[in-house]
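Note: the block below is upload.txt and it holds compact mmCIF, C-alpha atoms.
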# COMPACT_ATOMS: atom_id res chain seq x y z
CA ALA P 10 11.05 0.15 -5.21
CA LYS P 11 13.64 -1.47 -7.46
CA THR P 12 16.37 0.41 -9.30
CA ASN P 13 17.99 -0.32 -12.66
CA ASP P 14 20.83 2.17 -12.17
CA ILE P 15 23.29 2.72 -9.30
CA SER P 16 25.54 5.18 -11.10
CA SER P 17 26.10 8.48 -9.31
CA GLY P 18 23.15 10.85 -9.37
CA TYR P 19 19.83 11.56 -7.69
CA ARG P 20 16.74 9.56 -8.68
CA TRP P 21 13.46 9.68 -6.78
CA ALA P 22 10.78 7.02 -6.46
CA ALA P 23 8.16 9.33 -4.92
CA SER P 24 8.01 12.90 -3.66
CA PHE P 25 5.68 15.61 -2.45
CA GLY P 26 6.15 19.16 -1.24
CA LYS P 27 8.12 22.10 -2.59
CA ALA P 28 11.61 22.38 -4.07
CA GLU P 29 12.95 24.45 -1.17
CA ASN P 30 15.24 23.55 1.72
CA SER P 31 13.48 21.15 4.15
CA ALA P 32 10.11 21.74 2.43
CA ALA P 33 9.45 18.32 0.86
CA MET P 34 9.30 14.60 1.63
CA PHE P 35 10.63 11.92 -0.70
CA ILE P 36 12.39 8.56 -1.06
CA GLY P 37 15.06 7.74 -3.62
CA GLN P 38 18.77 7.34 -4.25
CA ASP P 39 22.08 8.92 -5.05
CA GLY P 40 24.01 6.09 -6.67
CA THR P 41 24.03 3.30 -4.08
CA GLU P 42 22.88 5.60 -1.28
CA LEU P 43 19.30 5.45 0.03
CA ASN P 44 18.02 9.01 0.48
CA GLY P 45 14.95 10.38 2.21
CA GLY P 46 14.09 13.99 2.81
CA GLY P 47 13.90 16.73 3.38
CA TYR P 48 15.20 18.63 0.32
CA GLY P 49 18.75 19.66 0.90
CA ASN P 50 18.55 18.21 4.42
CA ASP P 51 18.19 14.48 3.85
CA VAL P 52 18.53 11.21 5.75
CA VAL P 53 21.15 9.05 3.99
CA VAL P 54 21.99 5.35 4.22
CA LYS P 55 25.21 4.45 2.40
CA ASN P 56 25.86 1.33 0.30
CA PHE P 57 22.20 0.35 0.10
CA TRP P 58 20.88 0.01 -3.44
CA GLN P 59 21.68 -2.87 -5.78
CA VAL P 60 20.45 -3.21 -9.35
CA GLY P 61 17.29 -5.30 -9.72
CA VAL P 62 16.59 -5.84 -6.00
CA TRP P 63 13.20 -4.90 -4.53
CA HIS P 64 13.16 -2.98 -1.23
CA HIS P 65 10.29 -1.72 0.91
CA ILE P 66 11.12 1.77 2.20
CA VAL P 67 9.28 3.84 4.81
CA LEU P 68 10.20 7.39 5.86
CA THR P 69 8.47 8.89 8.91
CA TYR P 70 8.65 12.32 10.53
CA ASP P 71 7.00 13.38 13.80
CA GLY P 72 7.89 17.07 13.66
CA THR P 73 11.27 16.50 15.29
CA MET P 74 12.72 13.10 14.37
CA ALA P 75 12.98 11.52 10.92
CA LYS P 76 13.30 7.73 10.70
CA MET P 77 13.99 5.53 7.70
CA TYR P 78 13.02 1.86 7.52
CA ALA P 79 14.19 -0.61 4.88
CA ASP P 80 12.44 -3.97 4.54
CA GLY P 81 10.91 -3.57 8.00
CA VAL P 82 14.12 -2.60 9.83
CA GLU P 83 15.04 0.90 11.05
CA VAL P 84 18.22 1.92 9.21
CA ALA P 85 18.51 5.63 10.08
CA SER P 86 17.20 8.13 12.62
CA GLU P 87 18.05 11.83 12.69
CA SER P 88 16.71 15.00 14.28
CA LYS P 89 15.36 17.26 11.53
CA ASN P 90 13.62 20.61 11.28
CA TRP P 91 11.50 19.89 8.22
CA ASN P 92 8.54 22.12 7.36
CA LEU P 93 6.73 20.69 4.35
CA VAL P 94 5.11 23.11 1.91
CA LEU P 95 2.37 21.67 -0.30
CA ASP P 96 3.15 22.35 -3.96
CA LYS P 97 3.67 19.20 -6.06
CA ALA P 98 3.37 15.43 -5.69
CA TYR P 99 4.99 12.86 -7.97
CA ILE P 100 5.66 9.15 -8.32
CA GLY P 101 8.88 8.69 -10.26
CA ARG P 102 10.57 12.08 -9.98
CA GLN P 103 11.49 14.91 -7.60
CA VAL P 104 9.37 17.98 -6.82
CA ASN P 105 11.89 20.01 -8.82
CA ASN P 106 10.44 18.25 -11.93
CA GLN P 107 13.74 16.42 -12.53
CA GLN P 108 15.81 13.42 -11.35
CA ALA P 109 13.51 10.67 -12.61
CA TRP P 110 13.51 7.16 -11.15
CA ASN P 111 14.99 4.42 -13.33
CA GLY P 112 13.40 1.16 -12.22
CA SER P 113 10.11 -0.02 -10.72
CA VAL P 114 7.83 1.44 -8.05
CA ASP P 115 4.84 -0.26 -6.42
CA ASP P 116 2.26 0.32 -3.65
CA VAL P 117 2.99 3.98 -2.81
CA ARG P 118 1.21 5.26 0.31
CA ILE P 119 1.05 8.54 2.27
CA TYR P 120 -0.25 8.52 5.84
CA ASN P 121 -1.25 11.43 8.09
CA LYS P 122 0.40 9.72 11.07
CA VAL P 123 3.77 8.29 12.07
CA LEU P 124 3.74 4.55 11.43
CA THR P 125 4.97 2.42 14.33
CA PRO P 126 7.62 -0.28 13.86
CA SER P 127 4.95 -2.96 14.32
CA GLU P 128 2.75 -1.38 11.64
CA ILE P 129 5.71 -1.25 9.27
CA ASN P 130 6.55 -4.90 9.98
CA LEU P 131 3.00 -5.88 9.06
CA MET P 132 3.43 -4.12 5.72
CA THR P 133 6.58 -6.07 4.88
CA ALA P 134 5.57 -9.49 6.24
CA PRO P 135 4.23 -12.16 3.86
CA SER P 136 0.56 -11.32 3.48
CA GLY P 137 -0.92 -14.81 3.57
CA LEU P 138 -3.64 -13.51 1.24
CA VAL P 139 -5.21 -16.31 -0.79
CA ALA P 140 -8.37 -14.60 -2.11
CA HIS P 141 -9.46 -10.98 -2.47
CA TRP P 142 -12.64 -9.67 -4.05
CA SER P 143 -12.60 -5.86 -4.20
CA LEU P 144 -16.01 -6.02 -5.92
CA ASP P 145 -15.30 -2.93 -8.03
CA ASN P 146 -18.05 -3.61 -10.57
CA ASN P 147 -16.93 -7.24 -10.99
CA ALA P 148 -16.39 -10.39 -8.93
CA ASN P 149 -12.80 -10.99 -9.99
CA ASP P 150 -10.25 -12.33 -7.51
CA ASP P 151 -7.55 -9.67 -7.11
CA SER P 152 -5.17 -12.04 -5.31
CA GLY P 153 -4.05 -13.60 -8.59
CA ASN P 154 -5.27 -17.07 -7.57
CA GLY P 155 -8.13 -17.07 -10.06
CA PHE P 156 -11.11 -17.42 -7.71
CA THR P 157 -13.47 -15.38 -9.87
CA GLY P 158 -17.03 -15.34 -8.61
CA THR P 159 -20.27 -15.67 -10.58
CA LEU P 160 -23.15 -13.29 -9.84
CA LYS P 161 -26.41 -15.15 -9.26
CA ASN P 162 -30.08 -14.15 -9.62
CA GLY P 163 -29.48 -10.57 -10.66
CA ALA P 164 -26.90 -9.64 -8.03
CA GLY P 165 -25.27 -6.37 -9.01
CA PHE P 166 -23.19 -3.43 -7.90
CA THR P 167 -23.66 0.04 -6.45
CA THR P 168 -21.40 3.09 -6.46
CA SER P 169 -22.27 3.60 -2.78
CA ALA P 170 -19.03 1.89 -1.75
CA LYS P 171 -16.88 1.93 1.37
CA GLN P 172 -13.72 1.02 -0.55
CA GLY P 173 -12.97 1.50 -4.24
CA SER P 174 -15.48 2.51 -6.89
CA HIS P 175 -18.27 -0.03 -6.30
CA ALA P 176 -19.72 -2.45 -3.77
CA LEU P 177 -21.80 -5.58 -4.18
CA ALA P 178 -25.55 -4.89 -3.82
CA LEU P 179 -27.80 -7.78 -2.71
CA ASN P 180 -31.55 -7.97 -2.13
CA GLY P 181 -31.56 -10.25 0.93
CA ASN P 182 -33.61 -12.84 -0.91
CA ASP P 183 -31.84 -14.98 -3.49
CA GLN P 184 -28.93 -12.88 -4.79
CA TYR P 185 -25.35 -13.95 -4.09
CA VAL P 186 -21.92 -14.57 -5.62
CA ASP P 187 -20.86 -18.19 -6.16
CA ILE P 188 -17.13 -18.91 -5.72
CA LYS P 189 -17.68 -22.68 -6.09
CA ASN P 190 -15.11 -24.64 -4.04
CA PRO P 191 -11.69 -22.89 -4.07
CA THR P 192 -9.28 -25.64 -3.11
CA LEU P 193 -6.53 -23.26 -1.96
CA LEU P 194 -8.59 -21.77 0.86
CA PRO P 195 -7.51 -22.81 4.38
CA SER P 196 -9.27 -25.87 5.75
CA GLY P 197 -9.34 -28.18 8.75
CA LYS P 198 -7.59 -26.62 11.78
CA SER P 199 -5.25 -24.44 9.72
CA PRO P 200 -4.99 -20.73 10.70
CA ARG P 201 -7.35 -18.42 8.81
CA SER P 202 -9.01 -15.03 8.83
CA LEU P 203 -12.03 -13.62 7.00
CA SER P 204 -12.56 -9.87 6.68
CA LEU P 205 -14.98 -7.57 4.85
CA TRP P 206 -16.88 -4.29 4.89
CA ALA P 207 -20.66 -4.72 5.16
CA LYS P 208 -23.82 -2.62 5.53
CA THR P 209 -27.26 -4.08 6.20
CA ASN P 210 -30.66 -2.88 5.02
CA ASP P 211 -32.57 -5.14 7.44
CA ILE P 212 -32.20 -5.68 11.20
CA SER P 213 -35.36 -7.74 11.66
CA SER P 214 -34.96 -11.15 13.31
CA GLY P 215 -33.31 -13.78 11.14
CA TYR P 216 -29.91 -14.99 9.94
CA ARG P 217 -28.24 -13.22 7.01
CA TRP P 218 -24.65 -13.87 5.93
CA ALA P 219 -22.28 -11.49 4.16
CA ALA P 220 -19.68 -14.15 3.23
CA SER P 221 -19.06 -17.83 3.92
CA PHE P 222 -16.89 -20.77 2.94
CA GLY P 223 -16.69 -24.36 4.10
CA LYS P 224 -19.33 -27.09 4.33

Could I get this file's structure written as structure tokens?
Amino acid sequence: AKTNDISSGYRWAASFGKAENSAAMFIGQDGTELNGGGYGNDVVVKNFWQVGVWHHIVLTYDGTMAKMYADGVEVASESKNWNLVLDKAYIGRQVNNQQAWNGSVDDVRIYNKVLTPSEINLMTAPSGLVAHWSLDNNANDDSGNGFTGTLKNGAGFTTSAKQGSHALALNGNDQYVDIKNPTLLPSGKSPRSLSLWAKTNDISSGYRWAASFGK
């Protein structure tokens, strides 16, 4: 989140729960203070927010202990007796329907587990992502590097997807997506990783490849 206003007053980047004491969970600010709750029983980090500066914030609660992380570092830890009541969920304001965020918010996530410090560090580390095809009814590159693919020989999409709205559907014969030769992909002995979700329609003997790059 990034704020445009550090004057006194509550503003909330995301919230869910009920507007009752200890019955919600949220992240936001009161002036320069970083606040996470709670509702009337918050975790507070003083002198945190600055105008126009992005921060990655994580608030966890294990039923006893609340912890706040800022940019991958634990900044607060307090024993709390929170008991969340499902009622409302918002990005950009509090569950009391007020105290709107003034700034920017990105990549909001809710987990049904307590994230570990190592998991939080992975979220804040530079991603190293150079190409990403979500294949949601197109072959666009979501990384921003412009590696848009071209569907060949009638390759298409199906709504039977593991992630997102669509997945690429191929016939195992001559259908594929051509990415040409993306020059920014890692080469030689440089570190690299390739990941994907895949489902096969054919387990008979023979090579079949879900994705490839190189020579």

Which residue gives the smallest distance to P:Asn105 among P:Ser152, P:Gln38, P:Thr157, P:Asn30, with all atoms listed in the file counted? P:Asn30

Write out as a list in words each polymer residue whose atoms come within 10 Å of P:Trp91, counting all atoms listed in the file; drop sequence neighbours fewer than 3 positions from it. Asn30, Ser31, Ala32, Ala33, Met34, Gly46, Gly47, Tyr48, Asn50, Asp51, Tyr70, Asp71, Gly72, Thr73, Met74, Ala75, Ser88 and Val94 of chain P

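Residues in contact with P:Asn130 at 8 Å, where only C-alpha atoms are counted and same-chain residues fewer than 4 positions away are skipped, are listed as Gly81, Val82, Pro126 and Ala134 of chain P.
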
Go ahead and write the residues just picked, C-alpha atoms, as an mmCIF file, in the coordinates of the input.
data_model
loop_
_atom_site.group_PDB
_atom_site.id
_atom_site.type_symbol
_atom_site.label_atom_id
_atom_site.label_comp_id
_atom_site.auth_asym_id
_atom_site.auth_seq_id
_atom_site.Cartn_x
_atom_site.Cartn_y
_atom_site.Cartn_z
ATOM 1 C CA GLY P 81 10.910 -3.570 8.000
ATOM 2 C CA VAL P 82 14.120 -2.600 9.830
ATOM 3 C CA PRO P 126 7.620 -0.280 13.860
ATOM 4 C CA ALA P 134 5.570 -9.490 6.240
#

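Note that the spacing between atom CA of P:Leu124 and atom CA of P:Val139 amounts to 25.8 Å.
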
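If you look at atom CA of P:Gly155 and atom CA of P:Asn182, they are 27.4 Å away from each other.
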
Identify, on the basis of only C-alpha atoms, every residue whose closest approach to stretch 10-12 of chain P does not exceed 10 Å; exclude the query and any residue fewer than 6 positions from it along the same chain; express the result as a PDB file with C-alpha atoms, in the coordinates of the input.
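Result file follows (selection.pdb):
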ATOM      1  CA  ARG P  20      16.740   9.560  -8.680  1.00  0.00           C
ATOM      2  CA  TRP P  21      13.460   9.680  -6.780  1.00  0.00           C
ATOM      3  CA  ALA P  22      10.780   7.020  -6.460  1.00  0.00           C
ATOM      4  CA  ALA P  23       8.160   9.330  -4.920  1.00  0.00           C
ATOM      5  CA  ILE P  36      12.390   8.560  -1.060  1.00  0.00           C
ATOM      6  CA  GLY P  37      15.060   7.740  -3.620  1.00  0.00           C
ATOM      7  CA  GLN P  38      18.770   7.340  -4.250  1.00  0.00           C
ATOM      8  CA  GLY P  40      24.010   6.090  -6.670  1.00  0.00           C
ATOM      9  CA  THR P  41      24.030   3.300  -4.080  1.00  0.00           C
ATOM     10  CA  TRP P  58      20.880   0.010  -3.440  1.00  0.00           C
ATOM     11  CA  GLN P  59      21.680  -2.870  -5.780  1.00  0.00           C
ATOM     12  CA  VAL P  60      20.450  -3.210  -9.350  1.00  0.00           C
ATOM     13  CA  GLY P  61      17.290  -5.300  -9.720  1.00  0.00           C
ATOM     14  CA  VAL P  62      16.590  -5.840  -6.000  1.00  0.00           C
ATOM     15  CA  TRP P  63      13.200  -4.900  -4.530  1.00  0.00           C
ATOM     16  CA  HIS P  64      13.160  -2.980  -1.230  1.00  0.00           C
ATOM     17  CA  HIS P  65      10.290  -1.720   0.910  1.00  0.00           C
ATOM     18  CA  ILE P  66      11.120   1.770   2.200  1.00  0.00           C
ATOM     19  CA  TRP P 110      13.510   7.160 -11.150  1.00  0.00           C
ATOM     20  CA  ASN P 111      14.990   4.420 -13.330  1.00  0.00           C
ATOM     21  CA  GLY P 112      13.400   1.160 -12.220  1.00  0.00           C
ATOM     22  CA  SER P 113      10.110  -0.020 -10.720  1.00  0.00           C
ATOM     23  CA  VAL P 114       7.830   1.440  -8.050  1.00  0.00           C
ATOM     24  CA  ASP P 115       4.840  -0.260  -6.420  1.00  0.00           C
ATOM     25  CA  ASP P 116       2.260   0.320  -3.650  1.00  0.00           C
ATOM     26  CA  VAL P 117       2.990   3.980  -2.810  1.00  0.00           C
TER      27      VAL P 117
END

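Minimum atom-to-atom distances from P:Gln184, P:Gly197, P:Thr133, P:Asp211 to P:Lys224 were compared using only C-alpha atoms, and the lowest value belongs to P:Gly197.
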
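Here the question is which of P:Ile15, P:Val67, P:Leu131, P:Leu144 gets nearest to P:Ala79 using all atoms listed in the file, and that residue is P:Val67.
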
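Counting only C-alpha atoms, the residue from P:Ala28, P:Ala220, P:Leu205, P:Ala170 that sits nearest to P:Asp187 is P:Ala220.
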
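Shortest separation to P:Ser136 among P:Ser202, P:Ala178, P:Asn162, P:Thr69 occurs at residue P:Ser202, atoms counted being all atoms listed in the file.
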
Could you jot down the atom CA of P:Gln107 to atom CA of P:Glu83 separation for me, Å, one decimal place? 28.3 Å

If we count only C-alpha atoms and set the cut-off at 10 Å, which residues sit around P:Val84, ignoring sequence neighbours fewer than 4 positions away in its own chain? Please answer as an NGL selection string. :P and (43 or 52-54 or 66 or 76-80)

Which residue is closest to P:Pro195? Choose from P:Ala176, P:Phe166, P:Arg217, P:Gly137 and count only C-alpha atoms. P:Gly137

So which residues touch P:Gly181 within 12 Å, counting all atoms listed in the file, skipping near sequence neighbours fewer than 2 positions away, as a ChimeraX atom specification? /P:162-164,177-179,183-185,208-213,215-219
